[in-house]
Amino acid sequence: MKGFTPLFKKEIREQFKLYRLVIVLGVFLLFGLTSPLTLKYLPELLKLAGDQGMIIQLPTPTAAQSLASYAGDIGQIGALVAVLIAMGCIANELKSGTAIMTLSKPVSRSAFVSAKLLAVSLTFLVSMIVASLVCFGYTVWLIQGAAVLPFVGLNLLLALFLIFCLAVTVLFSSLYKSSLAAGGLALSVIVFQGILSAIPIVGKYMPGKLLDWGTNLLVGTGNQYWWALGITIVAIGLCVYFSQRFLKNRDL
């Protein structure tokens, strides 16, 4: 991929310049903090909000509940954040004409697309690592101890799903000069695959099943979705391939 290194360095600078890292980290940290705190103090909050004579009994929270709640929030809201962050990464440059200036230099289309996807993926990975450590630490401190390896596996699967969401958004961003059109179509695809994930037989092949697999790792039971893992990896590669093909064939 000719010209990848300078393009990647430029995209990394963009993550800071456009406050993408700050935004994603802030959103992820919010859920990393609130998941264990909510489970721990929800009974007290309900008592304060209810009548004095009301007896509210809730099951004792577990570490698995806290970590699964965090993963569920990141999986849903994180997918939306991925679309919002990545929908203009190529579309805005196509609209403003900066893509023409960049691609007129000795750089390949594949390097152009890969640098953008890798940079924004690193933003999400760094944010996830920080938020996950915070969530795990607060869960152990406030609720109970938890196994490390299942939570690591959960985060790896969750990270792959979010990279899939980013790749889909980058694909549509290379198709349209309108970031809103790119974001809308990407979100539609992500939501549609989420609906398919709930359908028996077909669902086990969908990237959304990676979230269920991660939750199963926490509780120690349930199915493993290797087909979903493989298809997600292939889908990410196809998104990168077709993105650069679209850019190569279109009139910039």
# chains A, B, ... in the order shown; residues from 1 in each chain; ligands from 1

call {"tool": "residues_around", "arguments": {"residues": "A:Phe164", "least_positions_apart": "2", "cutoff": "12 Å", "atoms": "only C-alpha atoms", "output": "PDB file with C-alpha atoms, in the first residue's frame"}}
result
ATOM      1  CA  GLY A  75     -22.351  -2.597  21.709  1.00  0.00           C
ATOM      2  CA  GLY A  78     -20.845   2.314  20.438  1.00  0.00           C
ATOM      3  CA  ALA A  79     -22.237   1.235  17.065  1.00  0.00           C
ATOM      4  CA  ALA A  82     -18.974   4.515  15.168  1.00  0.00           C
ATOM      5  CA  VAL A  83     -21.382   5.622  12.443  1.00  0.00           C
ATOM      6  CA  ALA A  86     -16.769   7.598  10.524  1.00  0.00           C
ATOM      7  CA  LEU A 117     -10.105   2.793   9.072  1.00  0.00           C
ATOM      8  CA  LEU A 118      -7.056   1.838  11.129  1.00  0.00           C
ATOM      9  CA  VAL A 120     -10.372   5.480  13.790  1.00  0.00           C
ATOM     10  CA  SER A 121     -10.261   1.842  14.922  1.00  0.00           C
ATOM     11  CA  PHE A 124     -12.113   3.050  19.557  1.00  0.00           C
ATOM     12  CA  LEU A 157     -15.305  -9.690  20.428  1.00  0.00           C
ATOM     13  CA  LEU A 158     -16.900  -6.326  21.164  1.00  0.00           C
ATOM     14  CA  ALA A 159     -13.968  -4.509  19.565  1.00  0.00           C
ATOM     15  CA  LEU A 160     -14.248  -6.627  16.418  1.00  0.00           C
ATOM     16  CA  PHE A 161     -17.954  -5.824  16.168  1.00  0.00           C
ATOM     17  CA  LEU A 162     -17.281  -2.092  16.461  1.00  0.00           C
ATOM     18  CA  LEU A 166     -16.649   1.371  11.303  1.00  0.00           C
ATOM     19  CA  ALA A 167     -15.754  -0.573   8.142  1.00  0.00           C
ATOM     20  CA  VAL A 168     -19.359  -0.561   6.919  1.00  0.00           C
ATOM     21  CA  THR A 169     -19.557   3.192   7.515  1.00  0.00           C
ATOM     22  CA  VAL A 170     -16.273   3.809   5.694  1.00  0.00           C
ATOM     23  CA  LEU A 171     -17.601   1.784   2.764  1.00  0.00           C
ATOM     24  CA  ALA A 186     -24.491   2.343   7.310  1.00  0.00           C
ATOM     25  CA  LEU A 187     -26.809   2.529  10.300  1.00  0.00           C
ATOM     26  CA  VAL A 189     -27.166  -2.111   7.493  1.00  0.00           C
ATOM     27  CA  ILE A 190     -26.030  -2.410  11.123  1.00  0.00           C
ATOM     28  CA  GLN A 193     -27.948  -7.339  10.666  1.00  0.00           C
ATOM     29  CA  MET A 206     -24.344 -12.335  11.817  1.00  0.00           C
ATOM     30  CA  PRO A 207     -21.682 -10.049  13.387  1.00  0.00           C
ATOM     31  CA  GLY A 208     -24.165  -9.089  16.096  1.00  0.00           C
ATOM     32  CA  LEU A 210     -20.335 -11.655  18.719  1.00  0.00           C
ATOM     33  CA  ALA A 228     -20.053 -15.086  12.991  1.00  0.00           C
ATOM     34  CA  LEU A 229     -16.425 -14.392  13.895  1.00  0.00           C
ATOM     35  CA  GLY A 230     -15.133 -15.513  10.507  1.00  0.00           C
ATOM     36  CA  ILE A 231     -17.840 -13.712   8.548  1.00  0.00           C
ATOM     37  CA  THR A 232     -17.197 -10.496  10.472  1.00  0.00           C
ATOM     38  CA  ILE A 233     -13.485 -10.587   9.636  1.00  0.00           C
ATOM     39  CA  VAL A 234     -14.237 -11.291   5.969  1.00  0.00           C
ATOM     40  CA  ALA A 235     -16.853  -8.507   5.904  1.00  0.00           C
ATOM     41  CA  ILE A 236     -14.321  -5.999   7.237  1.00  0.00           C
ATOM     42  CA  GLY A 237     -11.847  -6.992   4.531  1.00  0.00           C
ATOM     43  CA  LEU A 238     -14.518  -6.745   1.830  1.00  0.00           C
ATOM     44  CA  CYS A 239     -15.542  -3.290   3.023  1.00  0.00           C
ATOM     45  CA  VAL A 240     -11.952  -2.070   2.701  1.00  0.00           C
TER      46      VAL A 240
END

call {"tool": "residues_around", "arguments": {"residues": "stretch 99-101 of chain A", "least_positions_apart": "2", "cutoff": "10 Å", "atoms": "only C-alpha atoms", "output": "ChimeraX atom specification"}}
result
/A:90-97,103-105,112,247,251-252

call {"tool": "residues_around", "arguments": {"residues": "stretch 217-219 of chain A", "least_positions_apart": "5", "cutoff": "9 Å", "atoms": "only C-alpha atoms", "output": "ChimeraX atom specification"}}
result
/A:63-65,67-68,146-147,149-151,153-154,212,224

call {"tool": "write_last_selection", "arguments": {"atoms": "N, CA and C atoms", "output": "short mmCIF file (atom, residue, chain, number, x, y, z; two decimals), in the first residue's frame"}}
result
data_model
loop_
_atom_site.label_atom_id
_atom_site.label_comp_id
_atom_site.auth_asym_id
_atom_site.auth_seq_id
_atom_site.Cartn_x
_atom_site.Cartn_y
_atom_site.Cartn_z
N ALA A 63 -20.95 -9.57 39.45
CA ALA A 63 -19.95 -8.98 38.55
C ALA A 63 -20.33 -9.23 37.09
N ALA A 64 -20.87 -10.42 36.81
CA ALA A 64 -21.25 -10.74 35.44
C ALA A 64 -22.32 -9.79 34.93
N GLN A 65 -23.28 -9.43 35.81
CA GLN A 65 -24.33 -8.49 35.41
C GLN A 65 -23.74 -7.12 35.08
N LEU A 67 -20.60 -6.31 34.16
CA LEU A 67 -19.76 -6.32 32.97
C LEU A 67 -20.59 -6.55 31.71
N ALA A 68 -21.64 -7.39 31.82
CA ALA A 68 -22.51 -7.62 30.66
C ALA A 68 -23.31 -6.37 30.33
N ALA A 146 -14.11 -10.65 39.76
CA ALA A 146 -14.52 -11.21 38.48
C ALA A 146 -13.31 -11.80 37.78
N ALA A 147 -13.57 -12.81 36.93
CA ALA A 147 -12.50 -13.43 36.17
C ALA A 147 -12.03 -12.50 35.07
N LEU A 149 -9.92 -13.24 32.26
CA LEU A 149 -9.86 -13.75 30.89
C LEU A 149 -11.20 -13.70 30.16
N PRO A 150 -12.31 -14.09 30.78
CA PRO A 150 -13.59 -13.96 30.07
C PRO A 150 -13.91 -12.52 29.69
N PHE A 151 -13.54 -11.57 30.56
CA PHE A 151 -13.81 -10.16 30.25
C PHE A 151 -12.92 -9.68 29.12
N GLY A 153 -11.86 -11.63 26.69
CA GLY A 153 -12.48 -12.21 25.50
C GLY A 153 -13.70 -11.44 25.05
N LEU A 154 -14.51 -11.02 26.02
CA LEU A 154 -15.68 -10.21 25.71
C LEU A 154 -15.29 -8.92 25.00
N ASP A 212 -23.41 -11.62 21.86
CA ASP A 212 -23.96 -12.72 22.64
C ASP A 212 -22.86 -13.68 23.07
N GLN A 224 -20.95 -20.74 21.22
CA GLN A 224 -19.86 -19.99 20.60
C GLN A 224 -20.19 -19.83 19.12
#

call {"tool": "select_by_dssp", "arguments": {"residues": "stretch 31-133 of chain A", "states": "helix (DSSP H, G or I)", "output": "ChimeraX atom specification"}}
result
/A:31-49,63-86,91-96,98-103,109-133

call {"tool": "atom_distance", "arguments": {"atom1": "atom CA of A:Thr123", "atom2": "atom CA of A:Ile195"}}
result
27.2 Å

call {"tool": "closest_atom_pairs", "arguments": {"of": "stretch 78-158 of chain A", "to": "stretch 16-40 of chain A", "cutoff": "8 Å", "atoms": "only C-alpha atoms", "output": "JSON lines"}}
result
{"residue": "A:Gly78", "atom": "CA", "partner": "A:Phe28", "partner_atom": "CA", "distance": 7.7}
{"residue": "A:Val81", "atom": "CA", "partner": "A:Val24", "partner_atom": "CA", "distance": 7.3}
{"residue": "A:Ile85", "atom": "CA", "partner": "A:Arg20", "partner_atom": "CA", "distance": 7.1}
{"residue": "A:Thr123", "atom": "CA", "partner": "A:Leu21", "partner_atom": "CA", "distance": 5.5}
{"residue": "A:Phe124", "atom": "CA", "partner": "A:Val24", "partner_atom": "CA", "distance": 6.7}
{"residue": "A:Val126", "atom": "CA", "partner": "A:Leu25", "partner_atom": "CA", "distance": 7.8}
{"residue": "A:Ser127", "atom": "CA", "partner": "A:Leu25", "partner_atom": "CA", "distance": 4.5}
{"residue": "A:Met128", "atom": "CA", "partner": "A:Phe28", "partner_atom": "CA", "distance": 6.6}
{"residue": "A:Val130", "atom": "CA", "partner": "A:Leu29", "partner_atom": "CA", "distance": 7.4}
{"residue": "A:Ala131", "atom": "CA", "partner": "A:Leu29", "partner_atom": "CA", "distance": 4.7}
{"residue": "A:Ser132", "atom": "CA", "partner": "A:Gly32", "partner_atom": "CA", "distance": 6.2}
{"residue": "A:Val134", "atom": "CA", "partner": "A:Gly32", "partner_atom": "CA", "distance": 5.9}
{"residue": "A:Cys135", "atom": "CA", "partner": "A:Gly32", "partner_atom": "CA", "distance": 4.3}
{"residue": "A:Tyr138", "atom": "CA", "partner": "A:Pro36", "partner_atom": "CA", "distance": 6.3}
{"residue": "A:Thr139", "atom": "CA", "partner": "A:Pro36", "partner_atom": "CA", "distance": 5.3}
{"residue": "A:Leu142", "atom": "CA", "partner": "A:Lys40", "partner_atom": "CA", "distance": 6.6}
{"residue": "A:Ile143", "atom": "CA", "partner": "A:Lys40", "partner_atom": "CA", "distance": 6.6}

call {"tool": "atom_distance", "arguments": {"atom1": "atom CA of A:Ala181", "atom2": "atom CA of A:Thr102"}}
result
22.9 Å

call {"tool": "atom_distance", "arguments": {"atom1": "atom CA of A:Phe4", "atom2": "atom CA of A:Ala111"}}
result
4.7 Å

call {"tool": "residues_around", "arguments": {"residues": "A:Lys9", "least_positions_apart": "3", "cutoff": "10 Å", "atoms": "only C-alpha atoms", "output": "PyMOL selection string"}}
result
chain A and resi 4-6+12-14+115-116+119
